[in-house]
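Peer 1: Just dropping this structure here.
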Amino acid sequence: MRATTRTYWRLLVAGFRRQSAYLLAAFGGLVANTTFGLLKVVLLFATVEAAGGELQGYDVALMSTYIWVSQGLLGSVNLFGRIDIAERIKDGDVAVDFLRPLDVQGAAITTEVGKSLFALIPRGIPSFLIGLVAVGMAAPDSPLAYPLGAVSILLGIVLASATVYLLVAAPGFWLVETRGLQILYMAVSGFLAGLYVPIWLFPGWLEAIAEATPFPSMLMYPVDIVSGRADVGESLLLIAVQVGWLAGVVLLGQLLTRAGRHHLEVQGG
Amino acid sequence: MADLTVTGSRLRPYRAVLASRARSQTSYRASFALDLLSSLLIGVIELVEVWILFHNVVELGGLEFEHVLLVFGIAELCFCLADVSFGHCDQLPTYLRAGTLDVFYLRPQPLLLQLVTSEISLRRLARAAVAATALVVALVVNEIAWGPADVLLLVVALASGYATFAAMFVWAAGMQFFLIEGAETTNAFVYGGRYAATQPASVWSRPLWAVFGFFFPMAFTAFLPALTLLGLDDVVGLPGWAGWCAPLAAVWTWLLALGSWHIGVRHYQGGGG
């Protein structure tokens with residue numbers, strides 16, 4: 001058990017360190033985050049002001065927190081649908097992974113989470129700070145929002161990787177080309193996760209659709225918790241929802257991986 | 001006549017290449033259908049994002065939903081068509097990293113034309129169809145006192161907007177020779193520019209006007225021509241003829257683009273093959 005834990009820890013660290021080689025890419029991401037953040041600020045602030053200064057519980061300060069925390073998490077929460085293991089499933093290298101004394105799904109997700117955690121340093125925290133200095137933000141009422149928010153952000157990051165594994169990578173055992181799935185995931189996930197507009201601004205029916213998917217658990221709920229939009233009781237409930245989605249997604253991913261292993265055909269010799 | 005034949009034979013290689021690219025994309029039918037569906041969905045979601053704001057408020061920056069729908073329709077249609085034809089420039093960093101750009105130098109065609117024609121993304125036409133629908137609906141629901149000048153303005157705006165976005169892709173491609181891994185830096189302005197172009201620019205701050213109003217002239221692709229068409233000149237402090245300056249904006253962006261491309265190509269040292 002201890003040996004297994006140490007192996008996954010090393011995979012996590014390896015993912016973290018590998019991402020540190022791409023600092024220029026992270027800088028590019030930060031420039032993009034900031035530009036989109038500033039454009040969202042003017043549009044969403046104008047919307048709040050047009051609504052009379054308060055809209056679905058958002059004033060401009062809380063809207064600012066929503067914008068900059070969500071922009072900051074963009075480099076870490078996988079809403080793009082790209083995952084390294086998808087390429088290995090496509091070209092058959094995954095056959096080698098199955099020979100290793102490690103769970104293929106667990107190892108793939110752990111490596112992705114390591115990469116995501118690193119991205120918080122060059123992209124996540126600076127985006128947040130730029131927003132804080134340039135625009136200003138609301139602080140949560142309870143200091144408990146920070147530790148709860150940290151747990152929720154971590155859950156969101158793991159859930160996003162696990163969902164990409166389930167919806168984009170694992171179907172690759174049956175389909176050869178999963179690029180279409182990746183684009184479909186990218187189109188839907190960001191929107192339903194509340195990346196462009198908070199899902200609380202959606203009309204009721206659309207909000208209900210979003211809440212019936214795991215996507216708000218990746219971004220919207222962590223942002224709500226860390227910004228203090230959700231109080232402590234609501235935060236605990238949202239975290240429970242995140243844990244539920246994570247358990248379901250991991251379980252389904254595990255079942256698909258086992259079925260896929262039997263189905264796996266390696267093309268070529 | 002002789003001239004036409006010469007032009008025709010010069011264009012033939014490009015036509016052959018483009019036709020083969022188009023055929024190759026449609027050959028995997030299931031995958032292509034999924035691509036089309038995703039592209040359609042992206043277009044619809046872009047539109048829904050704008051609509052959600054107007055589900056909450058009546059007016060943004062002095063514009064109502066049907067006005068912004070016109071801005072969205074023009075900007076999104078121009079961007080999508082530019083993306084179909086020039087979006088492949090985004091792949092340049094992949095060629096640079098793999099060293100495969102050098103192959104292009106072996107062929108007797110200009111580098112930029114080869115890059116542009118090396119792929120056209122047919123699936124992106126589905127997203128353009130959403131934009132075209134939005135534009136047609138906007139033209140019907142808005143009260144525009146149509147005269148010959150208004151028709152001309154719409155045509156000029158569409159052509160200039162297309163040219164402006166195409167130039168943005170080329171500008172970004174030129175920068176990639178220096179950025180390589182940092183490709184997302186230019187995405188901030190190409191895709192951020194698309195986002196900016198669909199917004200009512202009357203809500204922008206001065207710094208945003210400097211960046212997306214004039215330097216990358218996104219406000220000239222759709223917002224300012226739409227204001228002139230709608231007769232809503234008073235929402236920004238610019239004169240009513242500002243919408244007619246869209247071609248100037250396109251020329252300016254192409255100057256930026258060709259400058260960036262020439263400096264980039266000159267900087268390129270080859271892949272070491």
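Each chain in the structure tokens gets a letter, A, B and so on, in the order shown; residues start at 1 in every chain, and ligands are counted from 1 in the order they appear.
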Within 7 Å of chain B, which residues belong to chain A? Use only C-alpha atoms and report them as number ranges by chain.

Peer 2: A: 24-25, 27-29, 31-32, 35-36, 39, 42-43, 46-47, 50-51, 180, 183-184, 187, 197, 201-202

Peer 1: Store the residues picked out above in a file with all heavy atoms, as a compact mmCIF listing (two decimals), in the first residue's frame.

Peer 2:
# COMPACT_ATOMS: atom_id res chain seq x y z
N LEU A 24 7.33 29.42 -21.16
CA LEU A 24 6.89 30.39 -22.17
C LEU A 24 5.43 30.13 -22.52
O LEU A 24 4.64 31.05 -22.71
CB LEU A 24 7.77 30.30 -23.41
CG LEU A 24 7.61 31.44 -24.42
CD1 LEU A 24 7.86 32.79 -23.78
CD2 LEU A 24 8.52 31.24 -25.61
N ALA A 25 5.05 28.83 -22.60
CA ALA A 25 3.66 28.47 -22.88
C ALA A 25 2.77 28.99 -21.76
O ALA A 25 1.68 29.51 -22.01
CB ALA A 25 3.52 26.96 -23.03
N PHE A 27 3.36 31.55 -19.88
CA PHE A 27 3.29 33.00 -20.01
C PHE A 27 2.24 33.38 -21.07
O PHE A 27 1.43 34.28 -20.87
CB PHE A 27 4.66 33.57 -20.38
CG PHE A 27 4.62 35.04 -20.68
CD1 PHE A 27 4.50 35.97 -19.66
CD2 PHE A 27 4.65 35.49 -22.00
CE1 PHE A 27 4.44 37.32 -19.94
CE2 PHE A 27 4.59 36.85 -22.28
CZ PHE A 27 4.48 37.76 -21.25
N GLY A 28 2.26 32.64 -22.20
CA GLY A 28 1.26 32.87 -23.24
C GLY A 28 -0.14 32.69 -22.69
O GLY A 28 -1.04 33.48 -22.97
N GLY A 29 -0.31 31.65 -21.88
CA GLY A 29 -1.61 31.39 -21.27
C GLY A 29 -2.03 32.53 -20.36
O GLY A 29 -3.20 32.93 -20.34
N VAL A 31 -1.12 35.71 -20.63
CA VAL A 31 -1.51 36.86 -21.46
C VAL A 31 -2.94 36.67 -21.96
O VAL A 31 -3.77 37.58 -21.92
CB VAL A 31 -0.54 37.03 -22.66
CG1 VAL A 31 -1.04 38.11 -23.61
CG2 VAL A 31 0.85 37.38 -22.18
N ALA A 32 -3.25 35.43 -22.43
CA ALA A 32 -4.60 35.15 -22.94
C ALA A 32 -5.63 35.27 -21.81
O ALA A 32 -6.68 35.90 -21.98
CB ALA A 32 -4.65 33.76 -23.57
N THR A 35 -6.20 39.01 -21.05
CA THR A 35 -6.93 39.73 -22.09
C THR A 35 -8.42 39.38 -22.04
O THR A 35 -9.28 40.26 -22.04
CB THR A 35 -6.36 39.37 -23.48
OG1 THR A 35 -4.95 39.50 -23.43
CG2 THR A 35 -6.91 40.28 -24.55
N PHE A 36 -8.71 38.06 -22.00
CA PHE A 36 -10.11 37.64 -21.92
C PHE A 36 -10.74 38.15 -20.63
O PHE A 36 -11.90 38.56 -20.62
CB PHE A 36 -10.23 36.12 -22.01
CG PHE A 36 -10.29 35.61 -23.41
CD1 PHE A 36 -9.15 35.22 -24.08
CD2 PHE A 36 -11.51 35.53 -24.08
CE1 PHE A 36 -9.19 34.74 -25.38
CE2 PHE A 36 -11.57 35.06 -25.38
CZ PHE A 36 -10.41 34.67 -26.04
N LEU A 39 -11.76 41.76 -21.01
CA LEU A 39 -12.94 41.89 -21.87
C LEU A 39 -14.21 41.43 -21.14
O LEU A 39 -15.29 41.99 -21.31
CB LEU A 39 -12.76 41.07 -23.16
CG LEU A 39 -11.81 41.68 -24.20
CD1 LEU A 39 -11.43 40.66 -25.26
CD2 LEU A 39 -12.44 42.90 -24.85
N VAL A 42 -15.42 44.26 -18.61
CA VAL A 42 -16.24 45.37 -19.11
C VAL A 42 -17.65 44.89 -19.45
O VAL A 42 -18.64 45.57 -19.15
CB VAL A 42 -15.61 46.09 -20.33
CG1 VAL A 42 -14.42 46.91 -19.91
CG2 VAL A 42 -15.25 45.13 -21.44
N LEU A 43 -17.76 43.69 -20.04
CA LEU A 43 -19.07 43.22 -20.48
C LEU A 43 -19.96 42.84 -19.29
O LEU A 43 -21.12 43.24 -19.20
CB LEU A 43 -18.89 42.02 -21.41
CG LEU A 43 -20.15 41.62 -22.19
CD1 LEU A 43 -20.55 42.72 -23.15
CD2 LEU A 43 -19.92 40.32 -22.94
N ALA A 46 -20.86 45.82 -17.08
CA ALA A 46 -21.93 46.60 -17.72
C ALA A 46 -23.27 45.89 -17.53
O ALA A 46 -24.30 46.56 -17.33
CB ALA A 46 -21.63 46.77 -19.21
N THR A 47 -23.25 44.55 -17.56
CA THR A 47 -24.50 43.80 -17.37
C THR A 47 -25.03 44.00 -15.95
O THR A 47 -26.23 44.25 -15.75
CB THR A 47 -24.27 42.30 -17.64
OG1 THR A 47 -23.61 42.16 -18.89
CG2 THR A 47 -25.57 41.55 -17.68
N ALA A 50 -26.33 47.52 -15.65
CA ALA A 50 -27.60 47.68 -16.38
C ALA A 50 -28.76 47.05 -15.61
O ALA A 50 -29.91 47.45 -15.75
CB ALA A 50 -27.49 47.06 -17.77
N ALA A 51 -28.43 46.04 -14.76
CA ALA A 51 -29.47 45.39 -13.96
C ALA A 51 -29.73 46.16 -12.66
O ALA A 51 -30.48 45.69 -11.81
CB ALA A 51 -29.07 43.95 -13.67
N GLY A 180 -12.87 14.30 -32.69
CA GLY A 180 -14.23 14.86 -32.70
C GLY A 180 -14.80 14.94 -31.29
O GLY A 180 -15.44 15.92 -30.91
N ILE A 183 -13.22 17.88 -29.40
CA ILE A 183 -13.78 19.19 -29.76
C ILE A 183 -15.17 19.34 -29.15
O ILE A 183 -15.53 20.41 -28.64
CB ILE A 183 -13.80 19.37 -31.29
CG1 ILE A 183 -12.36 19.36 -31.81
CG2 ILE A 183 -14.48 20.68 -31.66
CD1 ILE A 183 -12.24 19.40 -33.30
N LEU A 184 -15.94 18.24 -29.16
CA LEU A 184 -17.29 18.28 -28.58
C LEU A 184 -17.20 18.59 -27.08
O LEU A 184 -17.94 19.41 -26.54
CB LEU A 184 -17.96 16.93 -28.82
CG LEU A 184 -19.47 16.85 -28.65
CD1 LEU A 184 -20.15 17.81 -29.62
CD2 LEU A 184 -19.96 15.43 -28.91
N ALA A 187 -16.38 22.21 -26.59
CA ALA A 187 -17.50 23.10 -26.87
C ALA A 187 -18.46 23.17 -25.70
O ALA A 187 -18.93 24.23 -25.31
CB ALA A 187 -18.22 22.63 -28.14
N VAL A 197 -20.08 32.74 -18.68
CA VAL A 197 -21.07 33.48 -17.90
C VAL A 197 -21.39 32.57 -16.71
O VAL A 197 -21.51 31.36 -16.89
CB VAL A 197 -22.35 33.71 -18.74
CG1 VAL A 197 -23.39 34.45 -17.94
CG2 VAL A 197 -22.05 34.42 -20.04
N LEU A 201 -26.70 32.95 -14.05
CA LEU A 201 -27.33 33.93 -14.93
C LEU A 201 -28.11 33.26 -16.05
O LEU A 201 -28.81 33.92 -16.81
CB LEU A 201 -26.27 34.87 -15.54
CG LEU A 201 -25.99 36.19 -14.83
CD1 LEU A 201 -25.67 35.99 -13.37
CD2 LEU A 201 -24.84 36.94 -15.52
N PHE A 202 -27.98 31.92 -16.15
CA PHE A 202 -28.70 31.18 -17.18
C PHE A 202 -30.20 31.25 -16.90
O PHE A 202 -30.60 31.35 -15.74
CB PHE A 202 -28.31 29.69 -17.17
CG PHE A 202 -26.92 29.38 -17.69
CD1 PHE A 202 -26.02 30.38 -18.01
CD2 PHE A 202 -26.53 28.04 -17.86
CE1 PHE A 202 -24.74 30.06 -18.47
CE2 PHE A 202 -25.26 27.74 -18.32
CZ PHE A 202 -24.37 28.74 -18.62

Peer 1: I want to know what sits within 12 Å of segment 143-154 of chain A, based on only C-alpha atoms, with residues of the same chain fewer than 6 positions away left out; could you give that as a compact mmCIF listing (two decimals) with all heavy atoms, in the first residue's frame?

Peer 2:
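See selection-v1.txt below for the written result:
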# COMPACT_ATOMS: atom_id res chain seq x y z
N VAL A 69 -10.94 34.52 -10.63
CA VAL A 69 -10.68 33.16 -10.14
C VAL A 69 -10.91 32.15 -11.26
O VAL A 69 -10.11 31.25 -11.48
CB VAL A 69 -11.56 32.83 -8.91
CG1 VAL A 69 -11.39 31.37 -8.51
CG2 VAL A 69 -11.20 33.73 -7.74
N SER A 70 -11.99 32.34 -12.04
CA SER A 70 -12.24 31.37 -13.11
C SER A 70 -11.19 31.48 -14.20
O SER A 70 -10.73 30.46 -14.73
CB SER A 70 -13.66 31.53 -13.69
OG SER A 70 -13.83 32.82 -14.23
N GLY A 72 -8.12 32.32 -13.72
CA GLY A 72 -6.92 31.75 -13.13
C GLY A 72 -6.94 30.23 -13.14
O GLY A 72 -5.91 29.58 -13.31
N LEU A 73 -8.14 29.64 -12.97
CA LEU A 73 -8.24 28.18 -12.93
C LEU A 73 -8.23 27.57 -14.33
O LEU A 73 -8.09 26.35 -14.49
CB LEU A 73 -9.53 27.76 -12.20
CG LEU A 73 -9.54 28.01 -10.69
CD1 LEU A 73 -10.87 27.62 -10.09
CD2 LEU A 73 -8.41 27.22 -10.02
N LEU A 74 -8.35 28.42 -15.34
CA LEU A 74 -8.48 27.94 -16.71
C LEU A 74 -7.28 27.09 -17.16
O LEU A 74 -7.44 26.14 -17.93
CB LEU A 74 -8.65 29.15 -17.64
CG LEU A 74 -9.07 28.90 -19.07
CD1 LEU A 74 -10.25 27.96 -19.13
CD2 LEU A 74 -9.41 30.22 -19.72
N SER A 76 -5.63 25.13 -15.25
CA SER A 76 -5.51 23.94 -14.42
C SER A 76 -6.71 23.00 -14.55
O SER A 76 -6.57 21.80 -14.43
CB SER A 76 -5.36 24.34 -12.94
OG SER A 76 -4.20 25.11 -12.78
N VAL A 77 -7.90 23.56 -14.74
CA VAL A 77 -9.09 22.73 -14.88
C VAL A 77 -9.21 22.37 -16.35
O VAL A 77 -9.25 23.25 -17.21
CB VAL A 77 -10.34 23.49 -14.40
CG1 VAL A 77 -11.59 22.67 -14.68
CG2 VAL A 77 -10.23 23.79 -12.92
N VAL A 113 -3.10 15.60 -13.18
CA VAL A 113 -3.32 16.46 -12.01
C VAL A 113 -2.01 17.15 -11.62
O VAL A 113 -2.01 18.34 -11.28
CB VAL A 113 -3.91 15.65 -10.83
CG1 VAL A 113 -3.92 16.47 -9.56
CG2 VAL A 113 -5.33 15.20 -11.18
N GLY A 114 -0.90 16.43 -11.74
CA GLY A 114 0.41 17.03 -11.45
C GLY A 114 0.67 18.22 -12.35
O GLY A 114 1.09 19.29 -11.89
N SER A 116 -1.57 20.01 -13.90
CA SER A 116 -2.54 21.06 -13.59
C SER A 116 -2.12 21.85 -12.36
O SER A 116 -2.27 23.08 -12.32
CB SER A 116 -3.91 20.45 -13.33
OG SER A 116 -4.38 19.80 -14.47
N LEU A 117 -1.60 21.15 -11.34
CA LEU A 117 -1.21 21.84 -10.11
C LEU A 117 -0.06 22.79 -10.39
O LEU A 117 -0.03 23.90 -9.85
CB LEU A 117 -0.83 20.82 -9.03
CG LEU A 117 -2.00 20.04 -8.45
CD1 LEU A 117 -1.50 19.02 -7.42
CD2 LEU A 117 -3.04 20.97 -7.81
N LEU A 120 -0.99 26.28 -11.69
CA LEU A 120 -1.47 27.29 -10.75
C LEU A 120 -0.40 28.34 -10.46
O LEU A 120 -0.71 29.49 -10.19
CB LEU A 120 -1.90 26.63 -9.43
CG LEU A 120 -3.18 25.81 -9.45
CD1 LEU A 120 -3.40 25.13 -8.11
CD2 LEU A 120 -4.39 26.69 -9.79
N GLY A 124 -2.32 30.50 -12.67
CA GLY A 124 -3.46 30.67 -11.75
C GLY A 124 -3.28 31.86 -10.82
O GLY A 124 -4.08 32.80 -10.81
N ALA A 160 -12.08 17.15 -13.44
CA ALA A 160 -11.96 17.50 -14.86
C ALA A 160 -11.07 16.48 -15.58
O ALA A 160 -11.42 15.99 -16.65
CB ALA A 160 -11.41 18.91 -15.02
N SER A 161 -9.92 16.13 -14.97
CA SER A 161 -9.03 15.15 -15.60
C SER A 161 -9.73 13.80 -15.74
O SER A 161 -9.63 13.13 -16.78
CB SER A 161 -7.76 14.96 -14.77
OG SER A 161 -6.96 16.10 -14.86
N PRO A 216 -20.31 21.97 -13.78
CA PRO A 216 -20.23 23.04 -12.77
C PRO A 216 -19.34 22.66 -11.58
O PRO A 216 -18.75 23.53 -10.95
CB PRO A 216 -21.68 23.23 -12.33
CG PRO A 216 -22.50 22.73 -13.45
CD PRO A 216 -21.72 21.60 -14.05
N SER A 217 -19.24 21.35 -11.29
CA SER A 217 -18.38 20.89 -10.19
C SER A 217 -16.90 21.15 -10.48
O SER A 217 -16.07 21.14 -9.58
CB SER A 217 -18.57 19.40 -9.94
OG SER A 217 -19.84 19.16 -9.39
N MET A 218 -16.56 21.37 -11.77
CA MET A 218 -15.15 21.60 -12.12
C MET A 218 -14.74 23.04 -11.87
O MET A 218 -13.61 23.31 -11.50
CB MET A 218 -14.92 21.27 -13.60
CG MET A 218 -15.21 19.84 -13.96
SD MET A 218 -15.08 19.64 -15.75
CE MET A 218 -15.70 17.96 -15.90
N LEU A 219 -15.65 23.99 -12.10
CA LEU A 219 -15.25 25.40 -12.06
C LEU A 219 -16.22 26.28 -11.25
O LEU A 219 -15.81 27.01 -10.36
CB LEU A 219 -15.16 25.94 -13.50
CG LEU A 219 -14.49 27.30 -13.64
CD1 LEU A 219 -12.99 27.16 -13.46
CD2 LEU A 219 -14.78 27.91 -15.01
N MET A 220 -17.51 26.17 -11.57
CA MET A 220 -18.49 27.09 -10.95
C MET A 220 -18.54 26.94 -9.43
O MET A 220 -18.48 27.94 -8.70
CB MET A 220 -19.88 26.80 -11.55
CG MET A 220 -20.90 27.88 -11.28
SD MET A 220 -20.59 29.37 -12.25
CE MET A 220 -20.36 30.55 -10.97
N TYR A 221 -18.62 25.68 -8.95
CA TYR A 221 -18.73 25.48 -7.49
C TYR A 221 -17.45 25.91 -6.77
O TYR A 221 -17.54 26.62 -5.75
CB TYR A 221 -19.09 24.02 -7.17
CG TYR A 221 -20.40 23.53 -7.77
CD1 TYR A 221 -20.69 22.17 -7.86
CD2 TYR A 221 -21.36 24.43 -8.25
CE1 TYR A 221 -21.89 21.72 -8.42
CE2 TYR A 221 -22.54 23.99 -8.81
CZ TYR A 221 -22.81 22.63 -8.89
OH TYR A 221 -23.98 22.19 -9.45
N PRO A 222 -16.25 25.51 -7.25
CA PRO A 222 -15.05 26.02 -6.57
C PRO A 222 -14.99 27.54 -6.51
O PRO A 222 -14.62 28.12 -5.49
CB PRO A 222 -13.90 25.46 -7.43
CG PRO A 222 -14.45 24.25 -8.08
CD PRO A 222 -15.92 24.52 -8.30
N VAL A 223 -15.38 28.20 -7.62
CA VAL A 223 -15.35 29.67 -7.64
C VAL A 223 -16.36 30.22 -6.62
O VAL A 223 -16.07 31.16 -5.88
CB VAL A 223 -15.64 30.20 -9.06
CG1 VAL A 223 -15.79 31.72 -9.04
CG2 VAL A 223 -14.54 29.79 -10.02
N ASP A 224 -17.57 29.62 -6.58
CA ASP A 224 -18.59 30.06 -5.62
C ASP A 224 -18.08 29.96 -4.19
O ASP A 224 -18.35 30.83 -3.35
CB ASP A 224 -19.85 29.21 -5.76
CG ASP A 224 -20.71 29.67 -6.93
OD1 ASP A 224 -20.42 30.75 -7.48
OD2 ASP A 224 -21.66 28.95 -7.28
N ILE A 225 -17.36 28.87 -3.90
CA ILE A 225 -16.90 28.63 -2.53
C ILE A 225 -15.79 29.61 -2.16
O ILE A 225 -15.84 30.27 -1.12
CB ILE A 225 -16.43 27.17 -2.37
CG1 ILE A 225 -17.63 26.23 -2.52
CG2 ILE A 225 -15.74 26.96 -1.01
CD1 ILE A 225 -17.29 24.75 -2.54
N VAL A 226 -14.80 29.76 -3.03
CA VAL A 226 -13.64 30.58 -2.67
C VAL A 226 -14.02 32.07 -2.69
O VAL A 226 -13.42 32.88 -1.98
CB VAL A 226 -12.44 30.25 -3.59
CG1 VAL A 226 -12.48 31.01 -4.90
CG2 VAL A 226 -11.13 30.53 -2.86
N SER A 227 -15.02 32.45 -3.48
CA SER A 227 -15.41 33.87 -3.53
C SER A 227 -16.39 34.22 -2.41
O SER A 227 -16.70 35.39 -2.21
CB SER A 227 -16.05 34.20 -4.88
OG SER A 227 -17.28 33.51 -5.00
N GLY A 228 -16.90 33.20 -1.69
CA GLY A 228 -17.83 33.46 -0.61
C GLY A 228 -19.26 33.63 -1.08
O GLY A 228 -20.14 34.01 -0.31
N ARG A 229 -19.55 33.35 -2.37
CA ARG A 229 -20.94 33.42 -2.83
C ARG A 229 -21.77 32.34 -2.14
O ARG A 229 -22.95 32.54 -1.85
CB ARG A 229 -21.01 33.25 -4.35
CG ARG A 229 -22.40 33.51 -4.89
CD ARG A 229 -22.46 33.40 -6.40
NE ARG A 229 -23.75 33.88 -6.89
CZ ARG A 229 -24.84 33.14 -6.94
NH1 ARG A 229 -24.79 31.88 -6.55
NH2 ARG A 229 -25.98 33.64 -7.37
N ALA A 230 -21.12 31.19 -1.88
CA ALA A 230 -21.76 30.13 -1.10
C ALA A 230 -21.30 30.27 0.35
O ALA A 230 -20.11 30.46 0.60
CB ALA A 230 -21.35 28.77 -1.65
N ASP A 231 -22.25 30.20 1.33
CA ASP A 231 -21.81 30.25 2.74
C ASP A 231 -21.27 28.87 3.14
O ASP A 231 -21.23 27.95 2.32
CB ASP A 231 -22.93 30.73 3.66
CG ASP A 231 -24.13 29.79 3.64
OD1 ASP A 231 -23.93 28.58 3.46
OD2 ASP A 231 -25.27 30.28 3.80
N VAL A 232 -20.84 28.73 4.40
CA VAL A 232 -20.13 27.51 4.80
C VAL A 232 -20.99 26.26 4.59
O VAL A 232 -20.53 25.25 4.06
CB VAL A 232 -19.64 27.62 6.26
CG1 VAL A 232 -19.05 26.30 6.72
CG2 VAL A 232 -18.59 28.73 6.38
N GLY A 233 -22.26 26.35 5.00
CA GLY A 233 -23.15 25.20 4.85
C GLY A 233 -23.32 24.80 3.39
O GLY A 233 -23.19 23.64 3.01
N GLU A 234 -23.59 25.83 2.52
CA GLU A 234 -23.75 25.56 1.09
C GLU A 234 -22.45 25.00 0.49
O GLU A 234 -22.49 24.12 -0.37
CB GLU A 234 -24.12 26.86 0.35
CG GLU A 234 -25.54 27.33 0.61
CD GLU A 234 -25.77 28.77 0.17
OE1 GLU A 234 -24.79 29.54 0.07
OE2 GLU A 234 -26.94 29.12 -0.05
N SER A 235 -21.31 25.53 0.99
CA SER A 235 -20.02 25.07 0.47
C SER A 235 -19.84 23.58 0.73
O SER A 235 -19.41 22.84 -0.16
CB SER A 235 -18.87 25.83 1.14
OG SER A 235 -18.97 27.20 0.83
N LEU A 236 -20.20 23.14 1.96
CA LEU A 236 -20.04 21.72 2.29
C LEU A 236 -20.93 20.87 1.38
O LEU A 236 -20.51 19.81 0.90
CB LEU A 236 -20.37 21.48 3.76
CG LEU A 236 -19.34 22.07 4.74
CD1 LEU A 236 -19.85 21.99 6.18
CD2 LEU A 236 -17.98 21.36 4.61
N LEU A 237 -22.13 21.38 1.10
CA LEU A 237 -23.04 20.66 0.22
C LEU A 237 -22.44 20.55 -1.20
O LEU A 237 -22.46 19.47 -1.82
CB LEU A 237 -24.38 21.39 0.17
CG LEU A 237 -25.53 20.64 -0.49
CD1 LEU A 237 -25.91 19.42 0.35
CD2 LEU A 237 -26.73 21.56 -0.68
N LEU A 238 -21.89 21.68 -1.69
CA LEU A 238 -21.30 21.68 -3.05
C LEU A 238 -20.13 20.71 -3.12
O LEU A 238 -19.94 20.00 -4.11
CB LEU A 238 -20.85 23.09 -3.43
CG LEU A 238 -21.95 24.12 -3.68
CD1 LEU A 238 -21.37 25.49 -3.99
CD2 LEU A 238 -22.86 23.68 -4.83
N ILE A 239 -19.31 20.68 -2.03
CA ILE A 239 -18.17 19.76 -2.02
C ILE A 239 -18.66 18.31 -2.06
O ILE A 239 -18.09 17.47 -2.76
CB ILE A 239 -17.28 20.03 -0.79
CG1 ILE A 239 -16.53 21.36 -0.99
CG2 ILE A 239 -16.28 18.90 -0.57
CD1 ILE A 239 -15.71 21.81 0.18
N ALA A 240 -19.77 18.04 -1.35
CA ALA A 240 -20.34 16.69 -1.37
C ALA A 240 -20.78 16.32 -2.79
O ALA A 240 -20.56 15.20 -3.26
CB ALA A 240 -21.52 16.59 -0.40
N VAL A 241 -21.38 17.29 -3.50
CA VAL A 241 -21.79 17.05 -4.89
C VAL A 241 -20.56 16.73 -5.74
O VAL A 241 -20.56 15.79 -6.55
CB VAL A 241 -22.54 18.27 -5.46
CG1 VAL A 241 -22.81 18.10 -6.95
CG2 VAL A 241 -23.85 18.49 -4.71
N GLN A 242 -19.48 17.51 -5.54
CA GLN A 242 -18.23 17.26 -6.30
C GLN A 242 -17.72 15.85 -6.05
O GLN A 242 -17.32 15.15 -6.99
CB GLN A 242 -17.15 18.26 -5.87
CG GLN A 242 -17.37 19.67 -6.36
CD GLN A 242 -16.19 20.55 -5.95
OE1 GLN A 242 -15.99 20.80 -4.76
NE2 GLN A 242 -15.41 20.99 -6.92
N VAL A 243 -17.70 15.44 -4.76
CA VAL A 243 -17.20 14.10 -4.41
C VAL A 243 -18.05 13.03 -5.08
O VAL A 243 -17.54 12.05 -5.64
CB VAL A 243 -17.17 13.91 -2.87
CG1 VAL A 243 -16.86 12.46 -2.51
CG2 VAL A 243 -16.14 14.84 -2.23
N LEU A 246 -17.17 12.85 -8.71
CA LEU A 246 -15.84 12.26 -8.89
C LEU A 246 -15.92 10.74 -8.75
O LEU A 246 -15.37 10.00 -9.58
CB LEU A 246 -14.87 12.85 -7.87
CG LEU A 246 -13.42 12.38 -7.98
CD1 LEU A 246 -12.85 12.71 -9.36
CD2 LEU A 246 -12.55 13.01 -6.90

Peer 1: Let's see if you can do this: from backbone DSSP, list all helix (DSSP H, G or I) residues in segment 2-220 of chain A, as a VMD selection string.

Peer 2: chain A and resid 2 to 19 23 to 50 60 to 73 84 to 91 94 to 99 104 to 134 145 to 173 179 to 192 199 to 201 204 to 211 215 to 218 220

Peer 1: I'd like the neighbourhood of Leu125 of chain B as a VMD selection string, where a residue qualifies if any of its atoms comes within 9 Å (using only C-alpha atoms), though same-chain residues fewer than 2 positions away should be ignored.

Peer 2: chain B and resid 36 39 to 40 80 to 81 84 121 to 123 127 to 130

Peer 1: Show me, as number ranges by chain, the residues that have an atom within 12 Å of Asn78 of chain A when counting only C-alpha atoms, minus same-chain residues fewer than 3 positions from it.

Peer 2: A: 73-75, 81-83, 109, 112-113, 115-117, 119, 156-165, 168, 182, 185-186, 189-190, 193, 195, 215, 218-219

Peer 1: So how many Å separate atom CA of Leu77 of chain B and atom CA of Val140 of chain B, to one decimal?

Peer 2: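 Atom CA of Leu77 of chain B sits 16.5 Å away from atom CA of Val140 of chain B.
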
Peer 1: Counting only C-alpha atoms, what is within 6 Å of segment 10-19 of chain A, bar same-chain residues fewer than 3 positions away, as a list in words?

Peer 2: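 In the requested form, the answer reads Thr7, Tyr22, Thr110, Thr111, Gly114, Lys115 and Phe118 of chain A.
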
Peer 1: May I have the residues within 8 Å of Thr198 of chain B as an mmCIF file with C-alpha atoms, in the first residue's frame, using only C-alpha atoms and disregarding those fewer than 2 positions away in the same chain?

Peer 2:
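That gives us selection_16.cif:
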data_model
loop_
_atom_site.group_PDB
_atom_site.id
_atom_site.type_symbol
_atom_site.label_atom_id
_atom_site.label_comp_id
_atom_site.auth_asym_id
_atom_site.auth_seq_id
_atom_site.Cartn_x
_atom_site.Cartn_y
_atom_site.Cartn_z
ATOM 1 C CA VAL B 68 -26.055 43.221 -30.764
ATOM 2 C CA VAL B 71 -22.891 43.037 -34.510
ATOM 3 C CA PHE B 72 -22.542 39.352 -33.613
ATOM 4 C CA ALA B 75 -18.313 39.690 -36.742
ATOM 5 C CA GLU B 76 -18.878 35.967 -36.307
ATOM 6 C CA ARG B 194 -13.092 37.672 -32.126
ATOM 7 C CA TYR B 195 -14.672 37.891 -28.669
ATOM 8 C CA ALA B 196 -14.096 41.652 -28.601
ATOM 9 C CA PRO B 200 -21.004 46.207 -27.894
ATOM 10 C CA ALA B 222 -18.796 44.815 -37.089
ATOM 11 C CA PHE B 223 -19.623 47.220 -34.262
#
